[in-house]
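S.K.: Following this line is protein_8.txt, made up of compact mmCIF, C-alpha atoms:
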```txt
# COMPACT_ATOMS: atom_id res chain seq x y z
CA ILE A 1 -26.32 -8.02 10.16
CA SER A 2 -28.83 -5.23 9.68
CA GLY A 3 -29.18 -3.15 6.54
CA PHE A 4 -27.48 -0.30 8.37
CA VAL A 5 -23.77 -1.09 8.59
CA PRO A 6 -21.48 1.46 10.23
CA GLU A 7 -18.49 2.19 8.02
CA GLN A 8 -16.31 4.10 10.47
CA ILE A 9 -16.33 5.02 14.11
CA CYS A 10 -13.85 7.80 14.87
CA ASP A 11 -15.08 10.50 17.28
CA VAL A 12 -18.04 11.02 14.98
CA VAL A 13 -19.80 7.97 13.57
CA ARG A 14 -20.68 7.80 9.91
CA PHE A 15 -23.07 5.39 8.16
CA THR A 16 -23.78 4.50 4.54
CA GLN A 17 -27.46 5.29 4.72
CA TYR A 18 -27.10 8.68 6.38
CA GLY A 19 -29.01 11.19 4.27
CA GLY A 20 -28.83 14.38 6.29
CA GLU A 21 -26.59 17.41 6.00
CA ARG A 22 -22.84 16.97 6.17
CA ASN A 23 -22.54 18.92 9.37
CA ILE A 24 -20.95 17.84 12.64
CA ALA A 25 -24.06 18.48 14.77
CA HIS A 26 -26.28 16.49 12.39
CA TYR A 27 -23.80 13.59 12.31
CA CYS A 28 -23.50 13.35 16.08
CA GLY A 29 -27.26 13.27 16.57
CA TYR A 30 -27.70 10.64 13.86
CA ALA A 31 -24.86 8.53 15.23
CA SER A 32 -26.25 8.59 18.76
CA ASP A 33 -29.73 7.58 17.61
CA PHE A 34 -28.41 4.83 15.39
CA VAL A 35 -26.07 3.25 17.93
CA SER A 36 -28.93 3.18 20.43
CA GLN A 37 -31.18 1.55 17.84
CA VAL A 38 -28.64 -1.18 17.10
CA ILE A 39 -28.14 -1.91 20.78
CA ASN A 40 -31.83 -1.87 21.79
CA ASP A 41 -33.64 -3.34 18.76
CA SER A 42 -33.98 -7.13 19.14
CA ASN A 43 -34.52 -7.45 15.37
CA ILE A 44 -31.01 -6.17 14.62
CA SER A 45 -28.44 -8.90 15.13
CA GLY A 46 -25.37 -6.68 14.87
CA ALA A 47 -23.22 -4.29 12.84
CA VAL A 48 -19.66 -4.35 11.51
CA PHE A 49 -17.12 -1.53 11.52
CA PRO A 50 -13.38 -1.25 10.78
CA LYS A 51 -11.43 0.02 13.75
CA SER A 52 -8.66 1.95 12.05
CA CYS A 53 -7.95 4.94 14.28
CA ASP A 54 -6.85 5.18 17.87
CA SER A 55 -9.54 7.76 18.56
CA CYS A 56 -12.10 4.97 18.05
CA ARG A 57 -11.34 3.99 21.63
CA ILE A 58 -13.38 6.96 22.83
CA ILE A 59 -16.54 5.15 21.82
CA ASP A 60 -15.28 1.58 22.24
CA SER A 61 -16.07 1.36 25.95
CA TYR A 62 -19.67 2.24 25.13
CA LEU A 63 -19.99 -0.48 22.50
CA GLU A 64 -17.88 -3.34 23.82
CA ASN A 65 -20.50 -4.71 26.25
CA SER A 66 -23.33 -4.64 23.73
CA GLU A 67 -21.98 -7.72 21.90
CA LYS A 68 -23.57 -6.39 18.73
CA PHE A 69 -20.68 -4.47 17.18
CA ARG A 70 -18.02 -6.51 15.41
CA PHE A 71 -14.51 -5.45 14.42
CA GLN A 72 -13.44 -6.12 10.83
CA ILE A 73 -10.16 -5.27 9.09
CA ALA A 74 -7.64 -7.19 6.94
CA VAL A 75 -4.88 -8.33 9.28
CA PRO A 76 -1.63 -10.31 9.07
CA ALA A 77 -1.56 -13.91 10.25
CA SER A 78 -1.35 -14.54 13.98
CA GLY A 79 2.09 -14.60 15.54
CA LYS A 80 3.73 -12.33 12.97
CA SER A 81 6.14 -9.54 13.83
CA VAL A 82 5.33 -6.26 12.06
CA PHE A 83 7.73 -3.30 11.87
CA ILE A 84 6.19 0.11 11.10
CA ALA A 85 8.78 2.60 9.80
CA GLY A 86 8.08 6.31 10.19
CA GLY A 87 6.76 8.11 13.23
CA GLY A 88 3.82 10.13 11.90
CA GLU A 89 0.03 9.85 12.11
CA LEU A 90 -0.24 6.98 9.61
CA ALA A 91 2.33 4.96 11.57
CA PHE A 92 0.53 5.63 14.85
CA SER A 93 -2.84 4.62 13.36
CA LEU A 94 -1.37 1.39 11.94
CA VAL A 95 0.23 0.53 15.28
CA SER A 96 -3.07 1.23 17.07
CA SER A 97 -5.02 -0.88 14.56
CA LEU A 98 -2.71 -3.89 14.91
CA ARG A 99 -2.72 -3.65 18.69
CA MET A 100 -6.53 -3.53 18.63
CA VAL A 101 -6.47 -6.70 16.50
CA ASN A 102 -4.38 -8.34 19.23
CA LEU A 103 -6.90 -7.26 21.84
CA LYS A 104 -10.00 -8.38 19.93
CA LYS A 105 -8.67 -11.49 18.17
CA GLN A 106 -5.77 -12.60 20.38
CA ALA A 107 -3.63 -12.46 17.23
CA ASP A 108 -0.31 -12.30 19.11
CA ILE A 109 1.16 -9.86 16.55
CA ALA A 110 4.40 -8.25 17.77
CA VAL A 111 4.30 -4.60 16.70
CA PHE A 112 7.46 -2.47 16.44
CA LEU A 113 7.95 1.18 15.57
CA LEU A 114 11.20 1.45 13.57
CA VAL A 115 12.81 4.92 13.67
CA GLU A 116 16.16 6.40 12.81
CA ASP A 117 18.36 7.37 15.75
CA ASN A 118 17.64 11.11 15.36
CA GLU A 119 14.17 10.82 13.85
CA SER A 120 11.34 12.69 15.54
CA TYR A 121 8.14 10.74 16.07
CA ASP A 122 4.63 11.20 17.45
CA ARG A 123 4.99 11.40 21.23
CA ARG A 124 1.84 9.34 21.71
CA PHE A 125 4.06 6.32 21.04
CA ASP A 126 5.91 6.96 24.31
CA TYR A 127 2.69 6.42 26.26
CA ILE A 128 2.02 2.94 24.86
CA ASP A 129 2.85 0.58 27.70
CA SER A 130 2.17 -2.88 26.36
CA SER A 131 4.02 -6.15 25.90
CA ASP A 132 3.02 -6.31 22.21
CA PHE A 133 4.70 -3.00 21.26
CA SER A 134 8.29 -1.71 21.24
CA ILE A 135 10.18 1.23 19.74
CA VAL A 136 13.31 0.10 17.89
CA LYS A 137 16.07 2.35 16.55
CA TYR A 138 18.37 1.44 13.70
CA SER A 139 21.38 1.41 16.01
CA SER A 140 19.77 -1.19 18.28
CA LEU A 141 18.42 -3.73 15.76
CA ASN A 142 20.56 -6.39 17.41
CA ALA A 143 18.43 -6.01 20.54
CA VAL A 144 15.39 -7.43 18.71
CA ASN A 145 15.33 -11.06 19.78
CA LYS A 146 13.40 -12.35 16.78
CA CYS A 147 13.46 -12.11 12.99
CA GLY A 148 10.96 -9.78 11.37
CA ASP A 149 8.15 -10.92 9.11
CA ILE A 150 6.69 -7.68 7.72
CA LEU A 151 7.83 -4.07 7.31
CA ILE A 152 5.53 -1.19 6.34
CA GLU A 153 7.28 2.04 5.37
CA THR A 154 5.10 5.08 6.09
CA GLY A 155 7.81 7.74 6.37
CA PHE A 156 8.16 8.36 2.65
CA LEU A 157 4.95 10.39 2.36
CA LEU A 158 5.95 13.83 1.15
CA SER A 159 4.68 17.34 1.71
CA ASP A 160 3.23 19.31 -1.20
CA ARG A 161 6.56 20.94 -2.00
CA VAL A 162 9.89 19.25 -2.71
CA GLU A 163 12.77 21.65 -3.20
CA GLY A 164 16.53 21.16 -3.43
CA VAL A 165 19.06 18.35 -3.75
CA ASP A 166 19.10 17.75 0.00
CA VAL A 167 15.55 16.38 -0.13
CA PHE A 168 16.64 13.82 -2.72
CA LYS A 169 19.65 12.87 -0.64
CA ASN A 170 17.66 12.50 2.58
CA HIS A 171 15.00 10.24 1.07
CA ILE A 172 17.53 8.07 -0.77
CA ASN A 173 19.53 7.69 2.45
CA ARG A 174 16.36 6.80 4.33
CA ALA A 175 15.47 4.13 1.76
CA ASN A 176 18.98 2.64 2.00
CA ASN A 177 18.73 2.53 5.81
CA ILE A 178 15.37 0.76 5.68
CA ILE A 179 16.65 -1.76 3.12
CA SER A 180 19.59 -2.45 5.45
CA ALA A 181 17.13 -2.99 8.31
CA VAL A 182 15.08 -5.39 6.14
CA ASN A 183 18.25 -7.44 5.58
CA ALA A 184 19.34 -7.31 9.24
CA LEU A 185 15.91 -8.43 10.47
CA LYS A 186 15.51 -11.01 7.67
CA ILE A 187 12.14 -9.52 6.72
CA LYS A 188 10.40 -11.20 3.80
CA GLU A 189 7.36 -8.93 3.17
CA THR A 190 7.50 -5.18 2.65
CA VAL A 191 4.83 -2.59 1.84
CA LEU A 192 5.88 0.89 0.71
CA VAL A 193 3.34 3.67 1.22
CA SER A 194 4.15 5.91 -1.73
CA ASP A 195 2.51 8.94 -3.33
CA ALA A 196 0.38 9.28 -6.46
CA SER A 197 2.32 12.45 -7.26
CA ILE A 198 4.73 10.05 -8.98
CA TYR A 199 2.58 10.53 -12.09
CA GLY A 200 3.35 14.24 -12.23
CA THR A 201 0.88 16.87 -13.40
CA LEU A 202 -1.77 15.53 -15.75
CA GLY A 203 -3.89 17.19 -18.38
CA LYS A 204 -7.41 18.37 -17.59
CA ASP A 205 -9.92 15.58 -16.84
CA PHE A 206 -7.24 12.91 -17.28
CA VAL A 207 -7.33 9.99 -14.80
CA ILE A 208 -4.28 7.76 -14.55
CA SER A 209 -3.91 4.08 -13.67
CA GLU A 210 -0.87 2.08 -12.55
CA LYS A 211 -0.36 0.85 -16.12
CA GLU A 212 0.66 4.30 -17.35
CA LYS A 213 4.27 5.42 -17.41
CA THR A 214 5.40 7.57 -14.51
CA HIS A 215 6.61 11.12 -15.01
CA SER A 216 10.03 11.38 -16.70
CA ALA A 217 10.41 14.92 -18.10
CA PHE A 218 12.85 17.11 -16.18
CA ASN A 219 11.59 20.49 -15.07
CA SER A 220 11.03 22.27 -11.78
CA ASP A 221 7.43 21.01 -11.53
CA SER A 222 8.50 17.37 -11.92
CA LEU A 223 11.07 17.28 -9.11
CA LYS A 224 8.73 15.57 -6.68
CA ALA A 225 7.58 12.98 -9.23
CA MET A 226 11.18 12.16 -10.10
CA LEU A 227 12.11 11.73 -6.44
CA ILE A 228 9.21 9.36 -5.78
CA GLN A 229 10.08 7.35 -8.89
CA SER A 230 13.74 7.11 -7.82
CA VAL A 231 12.86 5.86 -4.34
CA GLU A 232 10.32 3.33 -5.64
CA ASN A 233 12.88 2.01 -8.15
CA LEU A 234 15.43 1.64 -5.35
CA TYR A 235 13.05 -0.48 -3.26
CA PHE A 236 11.96 -2.69 -6.15
CA SER A 237 15.56 -3.24 -7.27
CA ALA A 238 16.60 -4.13 -3.72
CA SER A 239 13.76 -6.64 -3.41
CA HIS A 240 15.21 -8.61 -6.34
CA MET A 241 18.75 -8.28 -5.06
CA TYR A 242 18.03 -9.30 -1.45
CA ASP A 243 15.06 -11.64 -2.04
CA PHE A 244 12.19 -9.96 -0.20
CA SER A 245 8.72 -9.25 -1.57
CA ILE A 246 7.51 -5.69 -2.01
CA LYS A 247 4.18 -4.05 -2.78
CA ALA A 248 3.58 -0.32 -3.09
CA VAL A 249 0.47 1.73 -2.36
CA ARG A 250 0.40 5.04 -4.25
CA SER A 251 -1.78 7.21 -2.08
CA GLY A 252 -3.96 10.12 -3.07
CA LYS A 253 -3.80 13.28 -0.93
CA ILE A 254 -4.42 12.18 2.64
CA ILE A 255 -7.27 13.81 4.55
CA SER A 256 -6.52 13.92 8.26
CA ALA A 257 -5.89 16.49 10.94
CA ASN A 258 -2.13 15.95 10.55
CA SER A 259 -2.06 15.31 6.80
CA SER A 260 1.27 15.19 4.98
CA SER A 261 -0.35 17.58 2.47
CA ASP A 262 0.23 21.23 3.37
CA PHE A 263 -2.89 22.18 1.40
CA VAL A 264 -5.20 19.78 3.24
CA ARG A 265 -3.77 20.61 6.65
CA ASN A 266 -3.92 24.38 6.14
CA MET A 267 -7.44 24.31 4.67
CA LEU A 268 -8.72 22.20 7.56
CA GLU A 269 -7.13 24.41 10.18
CA SER A 270 -8.57 27.56 8.59
CA ALA A 271 -12.06 26.06 8.30
CA VAL A 272 -12.14 24.83 11.89
CA HIS A 273 -11.16 28.28 13.17
CA GLY A 274 -13.64 30.12 10.94
CA LYS A 275 -11.05 31.73 8.68
CA SER A 276 -11.55 32.47 4.99
CA LEU A 277 -10.34 29.92 2.46
CA ASN A 278 -8.53 31.44 -0.50
CA VAL A 279 -8.35 28.89 -3.30
CA LYS A 280 -7.35 28.93 -6.92
CA ASN A 281 -9.92 28.74 -9.68
CA ARG A 282 -9.55 26.34 -12.62
CA SER A 283 -7.23 24.02 -10.68
CA PRO A 284 -6.91 20.41 -11.90
CA LYS A 285 -8.78 17.61 -10.17
CA VAL A 286 -6.84 15.69 -7.52
CA SER A 287 -7.72 12.39 -5.83
CA TYR A 288 -8.00 12.35 -2.04
CA ILE A 289 -8.11 9.52 0.48
CA SER A 290 -9.25 9.49 4.09
CA ILE A 291 -6.66 8.33 6.63
CA ASN A 292 -9.10 5.54 7.50
CA ASP A 293 -9.27 4.27 3.91
CA LEU A 294 -5.50 4.46 3.57
CA ILE A 295 -4.96 2.30 6.66
CA SER A 296 -7.37 -0.33 5.39
CA ALA A 297 -5.82 -0.18 1.88
CA VAL A 298 -2.29 -0.69 3.23
CA LEU A 299 -3.32 -3.68 5.33
CA PHE A 300 -5.43 -5.06 2.49
CA VAL A 301 -2.52 -4.87 0.04
CA LEU A 302 -0.25 -6.48 2.63
CA CYS A 303 -2.62 -9.44 3.01
CA ASN A 304 -4.00 -9.75 -0.53
CA GLY A 305 -1.78 -7.83 -2.97
CA GLU A 306 0.51 -9.41 -5.54
CA ASN A 307 4.27 -9.23 -5.13
CA ASN A 308 6.13 -6.54 -7.12
CA GLN A 309 2.90 -4.67 -7.89
CA VAL A 310 1.83 -1.09 -7.26
CA TYR A 311 -1.71 -0.10 -6.30
CA ASN A 312 -3.31 3.33 -6.53
CA ALA A 313 -5.50 4.16 -3.52
CA CYS A 314 -8.12 6.87 -3.21
CA SER A 315 -11.53 7.17 -1.59
CA ASP A 316 -14.73 6.88 -3.60
CA THR A 317 -16.18 10.07 -5.15
CA SER A 318 -13.15 11.96 -3.85
CA THR A 319 -11.50 13.31 -7.00
CA VAL A 320 -12.19 17.05 -7.00
CA ASN A 321 -10.54 20.38 -7.75
CA SER A 322 -9.46 22.84 -5.06
CA ALA A 323 -12.63 24.93 -5.33
CA GLU A 324 -14.90 21.91 -4.81
CA PHE A 325 -12.74 20.82 -1.88
CA SER A 326 -12.98 24.20 -0.16
CA LEU A 327 -16.73 24.60 -0.78
CA THR A 328 -17.29 21.24 0.92
CA LEU A 329 -15.35 22.53 3.92
CA SER A 330 -17.49 25.66 3.92
CA ASP A 331 -20.67 23.56 4.01
CA ALA A 332 -19.36 21.48 6.92
CA PHE A 333 -18.08 24.38 9.03
CA ASP A 334 -20.65 27.17 9.12
CA GLU A 335 -18.35 30.12 9.87
CA CYS A 336 -15.95 29.33 7.02
CA GLU A 337 -16.06 31.48 3.85
CA VAL A 338 -14.48 30.70 0.47
CA ASN A 339 -12.76 33.13 -1.90
CA ILE A 340 -11.99 31.66 -5.31
CA THR A 341 -9.39 33.70 -7.22
CA SER A 342 -6.63 33.22 -9.77
CA ALA A 343 -4.05 33.79 -7.00
CA GLY A 344 -5.54 31.37 -4.45
CA ASP A 345 -4.05 28.20 -2.99
CA SER A 346 -4.10 24.81 -4.70
CA THR A 347 -2.33 21.48 -4.37
CA ASP A 348 -0.23 19.32 -6.63
CA GLY A 349 -1.18 15.75 -7.44
CA CYS A 350 -3.41 14.13 -10.00
CA ALA A 351 -6.60 12.17 -10.54
CA ILE A 352 -5.98 8.45 -10.12
CA ASP A 353 -7.87 5.26 -10.87
CA CYS A 354 -7.77 2.48 -8.25
CA THR A 355 -9.55 -0.27 -10.20
CA ARG A 356 -6.62 -2.65 -9.66
CA LEU A 357 -7.01 -2.44 -5.88
CA LYS A 358 -10.80 -2.77 -6.05
CA LYS A 359 -10.53 -5.88 -8.22
CA LEU A 360 -8.76 -7.52 -5.28
CA GLY A 361 -11.85 -6.81 -3.16
CA TRP A 362 -10.88 -3.62 -1.33
CA LEU A 363 -13.69 -1.17 -0.59
CA SER A 364 -13.48 2.52 0.19
CA MET A 365 -15.30 3.35 3.41
CA VAL A 366 -15.11 7.12 3.90
CA ASN A 367 -15.33 9.67 1.07
CA TYR A 368 -13.60 13.04 1.24
CA LYS A 369 -16.66 14.95 2.45
CA ASP A 370 -17.08 12.73 5.49
CA ALA A 371 -13.32 12.55 6.04
CA LEU A 372 -13.21 16.35 6.33
CA ILE A 373 -15.84 16.32 9.05
CA ILE A 374 -14.09 13.52 10.94
CA SER A 375 -10.71 15.24 10.71
CA GLY A 376 -12.10 18.69 11.56
CA HIS A 377 -13.94 17.33 14.57
```
As structure tokens, please, write out the structure in this file.
M.R.:
Amino acid sequence: ISGFVPEQICDVVRFTQYGGERNIAHYCGYASDFVSQVINDSNISGAVFPKSCDSCRIIDSYLENSEKFRFQIAVPASGKSVFIAGGGELAFSLVSSLRMVNLKKQADIAVFLLVEDNESYDRRFDYIDSSDFSIVKYSSLNAVNKCGDILIETGFLLSDRVEGVDVFKNHINRANNIISAVNALKIKETVLVSDASIYGTLGKDFVISEKEKTHSAFNSDSLKAMLIQSVENLYFSASHMYDFSIKAVRSGKIISANSSSDFVRNMLESAVHGKSLNVKNRSPKVSYISINDLISAVLFVLCNGENNQVYNACSDTSTVNSAEFSLTLSDAFDECEVNITSAGDSTDGCAIDCTRLKKLGWLSMVNYKDALIISGH
């Protein structure tokens, strides 16, 4: 392996040793030159990259015949059946990653999308025509002709705002339905993709680990934290009652084009279209994670995490306040201007420490600056 190891290929290609400007045009030129160098230089034996997004396929046909690029991601054992609950971008990326593992490693993993009968889901799923993938609804679990091995719940990721009793009711009902599905399918391993907002709002410059107590005070600002804590407690209690293992990944704010965070999604859309970004000054620092890092963290925890443990997950050097976040967007997208005022936008969340996950051996691949370019592209 050469000293230059690609970390992520996803429309634009990003490398550790890139030292130029964080600008789409600069990235594309660097990526093109580097890929050509790897392919044509006889002194470079190869390079490794995680294939964690479906959009990687755009470049895959160019690389597959070179025999120099190798796919690397933590994956379940061959022959397992994996159910992905939730129909959003994270679910689609996980399904795509596992199907790519089947293609590259002949892993024979049966991949299922598990959705509620009336649940909307990404329509890209309908165009997957493959023997290793099926869409299963709760009402037709009996049609699955094998027991399940693994379930990954991705549908619990929340938007920035949680208001009203109905939101509590809907998420508790969803958790109960998934627990019933776990029992019906005789699933033994479960990973819950949760949200670091469980810790509530922290004081300035405070970074929290999994060892700290979750938010418990009752006020309007803590509603989201209390909901997340209630759902997590329900899953962990059920795992003891029904004898299945569970691990939880508490995610930072996800950076992707279809992020569950209203703040991230709106900022990205405005920047891409050259609109002004109005952000709040003196906002607290919040940890972010690229969709690519989150996929690898979820699969890593599935394969290597301890039972009944929670793991914080955020990208490296990606804990910033709203002003820093928006200024990075302005640097990446030339026509985007930033207005920092006391009445500007900001996001909830907190600064988290993911030392526990890193001690297991997980590595962050894409920091928030690069994730913004990838998502905006």
S.K.: Which residues are close to range 303-315 of chain A, i.e. within 8 Å by only C-alpha atoms, leaving aside same-chain residues fewer than 2 positions away? Reply as a CSV table (one decimal) with C-alpha atoms, keeping the file's coordinate frame.
M.R.:
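The resulting file, around_30.csv, is shown below:
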```csv
chain,number,residue,atom,x,y,z
A,74,ALA,CA,-7.6,-7.2,6.9
A,75,VAL,CA,-4.9,-8.3,9.3
A,76,PRO,CA,-1.6,-10.3,9.1
A,196,ALA,CA,0.4,9.3,-6.5
A,209,SER,CA,-3.9,4.1,-13.7
A,210,GLU,CA,-0.9,2.1,-12.6
A,236,PHE,CA,12.0,-2.7,-6.2
A,245,SER,CA,8.7,-9.2,-1.6
A,246,ILE,CA,7.5,-5.7,-2.0
A,247,LYS,CA,4.2,-4.0,-2.8
A,248,ALA,CA,3.6,-0.3,-3.1
A,249,VAL,CA,0.5,1.7,-2.4
A,250,ARG,CA,0.4,5.0,-4.2
A,251,SER,CA,-1.8,7.2,-2.1
A,252,GLY,CA,-4.0,10.1,-3.1
A,287,SER,CA,-7.7,12.4,-5.8
A,288,TYR,CA,-8.0,12.4,-2.0
A,289,ILE,CA,-8.1,9.5,0.5
A,290,SER,CA,-9.2,9.5,4.1
A,293,ASP,CA,-9.3,4.3,3.9
A,294,LEU,CA,-5.5,4.5,3.6
A,297,ALA,CA,-5.8,-0.2,1.9
A,299,LEU,CA,-3.3,-3.7,5.3
A,300,PHE,CA,-5.4,-5.1,2.5
A,301,VAL,CA,-2.5,-4.9,0.0
A,317,THR,CA,-16.2,10.1,-5.2
A,318,SER,CA,-13.2,12.0,-3.8
A,352,ILE,CA,-6.0,8.4,-10.1
A,353,ASP,CA,-7.9,5.3,-10.9
A,354,CYS,CA,-7.8,2.5,-8.2
A,356,ARG,CA,-6.6,-2.6,-9.7
A,357,LEU,CA,-7.0,-2.4,-5.9
A,360,LEU,CA,-8.8,-7.5,-5.3
A,364,SER,CA,-13.5,2.5,0.2
A,365,MET,CA,-15.3,3.4,3.4
A,366,VAL,CA,-15.1,7.1,3.9
A,367,ASN,CA,-15.3,9.7,1.1
A,368,TYR,CA,-13.6,13.0,1.2
```
S.K.: Would you list the contacts of Phe263 in chain A as a VMD selection string, taking every protein, DNA or RNA residue within 12 Å and counting all atoms listed in the file, but skipping same-chain residues closer than 2 positions in sequence?
M.R.: chain A and resid 159 to 161 253 to 261 265 to 270 277 to 280 286 288 322 325 to 326 344 to 349
S.K.: Do you know which residues lie at most 9 Å from (10.6, 0.9, 7.0), with coordinates as in the file and only C-alpha atoms counted, and could you write them as an MDAnalysis selection string?
M.R.: chainID A and resid 83:86 113:115 151:156 174:175 177:179 181:182 190:192
S.K.: In Å, rounded to a single decimal, give me how far CA of Ser283 in chain A is from CA of Glu89 in chain A.
M.R.: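 According to the coordinates, CA of Glu89 in chain A and CA of Ser283 in chain A are separated by 27.8 Å.
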S.K.: Check the smallest atom-to-atom distance from each of A:Lys369, A:His171, A:Lys211, A:Lys104 to Ile228 in chain A using only C-alpha atoms, then report the winner.
M.R.: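 Looking only at the distances to Ile228 in chain A, the closest residue turns out to be A:His171.
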S.K.: Could you rebuild range 107-122 of chain A with N, CA, C and O atoms and give me the result as a short mmCIF file (atom, residue, chain, number, x, y, z; two decimals), in the coordinates of the input?
M.R.:
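This is the output file out.cif:
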```cif
data_model
loop_
_atom_site.label_atom_id
_atom_site.label_comp_id
_atom_site.auth_asym_id
_atom_site.auth_seq_id
_atom_site.Cartn_x
_atom_site.Cartn_y
_atom_site.Cartn_z
N ALA A 107 -4.44 -12.13 18.40
CA ALA A 107 -3.63 -12.46 17.23
C ALA A 107 -2.15 -12.63 17.53
O ALA A 107 -1.40 -13.16 16.71
N ASP A 108 -1.70 -12.15 18.69
CA ASP A 108 -0.31 -12.30 19.11
C ASP A 108 0.65 -11.71 18.06
O ASP A 108 1.69 -12.30 17.75
N ILE A 109 0.28 -10.55 17.50
CA ILE A 109 1.16 -9.86 16.55
C ILE A 109 2.12 -8.96 17.34
O ILE A 109 1.67 -8.14 18.15
N ALA A 110 3.41 -9.13 17.13
CA ALA A 110 4.40 -8.25 17.77
C ALA A 110 4.57 -7.02 16.90
O ALA A 110 4.92 -7.13 15.73
N VAL A 111 4.29 -5.84 17.46
CA VAL A 111 4.30 -4.60 16.70
C VAL A 111 5.50 -3.75 17.13
O VAL A 111 5.69 -3.51 18.33
N PHE A 112 6.28 -3.28 16.16
CA PHE A 112 7.46 -2.47 16.44
C PHE A 112 7.38 -1.17 15.65
O PHE A 112 6.99 -1.17 14.48
N LEU A 113 7.74 -0.07 16.28
CA LEU A 113 7.95 1.18 15.57
C LEU A 113 9.44 1.29 15.27
O LEU A 113 10.27 1.28 16.19
N LEU A 114 9.80 1.37 13.99
CA LEU A 114 11.20 1.45 13.57
C LEU A 114 11.52 2.90 13.20
O LEU A 114 10.93 3.45 12.27
N VAL A 115 12.45 3.52 13.93
CA VAL A 115 12.81 4.92 13.67
C VAL A 115 14.32 5.07 13.61
O VAL A 115 15.06 4.30 14.22
N GLU A 116 14.74 6.07 12.84
CA GLU A 116 16.16 6.40 12.81
C GLU A 116 16.57 7.00 14.15
O GLU A 116 15.75 7.51 14.90
N ASP A 117 17.87 6.96 14.43
CA ASP A 117 18.36 7.37 15.75
C ASP A 117 17.97 8.81 16.09
O ASP A 117 17.65 9.11 17.25
N ASN A 118 17.97 9.70 15.11
CA ASN A 118 17.64 11.11 15.36
C ASN A 118 16.28 11.51 14.80
O ASN A 118 15.98 12.69 14.67
N GLU A 119 15.46 10.53 14.48
CA GLU A 119 14.17 10.82 13.85
C GLU A 119 13.14 11.20 14.89
O GLU A 119 12.98 10.54 15.92
N SER A 120 12.42 12.30 14.64
CA SER A 120 11.34 12.69 15.54
C SER A 120 10.13 11.81 15.24
O SER A 120 9.92 11.38 14.11
N TYR A 121 9.33 11.56 16.27
CA TYR A 121 8.14 10.74 16.07
C TYR A 121 7.03 11.21 17.01
O TYR A 121 7.27 11.94 17.97
N ASP A 122 5.81 10.81 16.68
CA ASP A 122 4.63 11.20 17.45
C ASP A 122 4.82 10.76 18.90
O ASP A 122 5.03 9.58 19.18
#
```
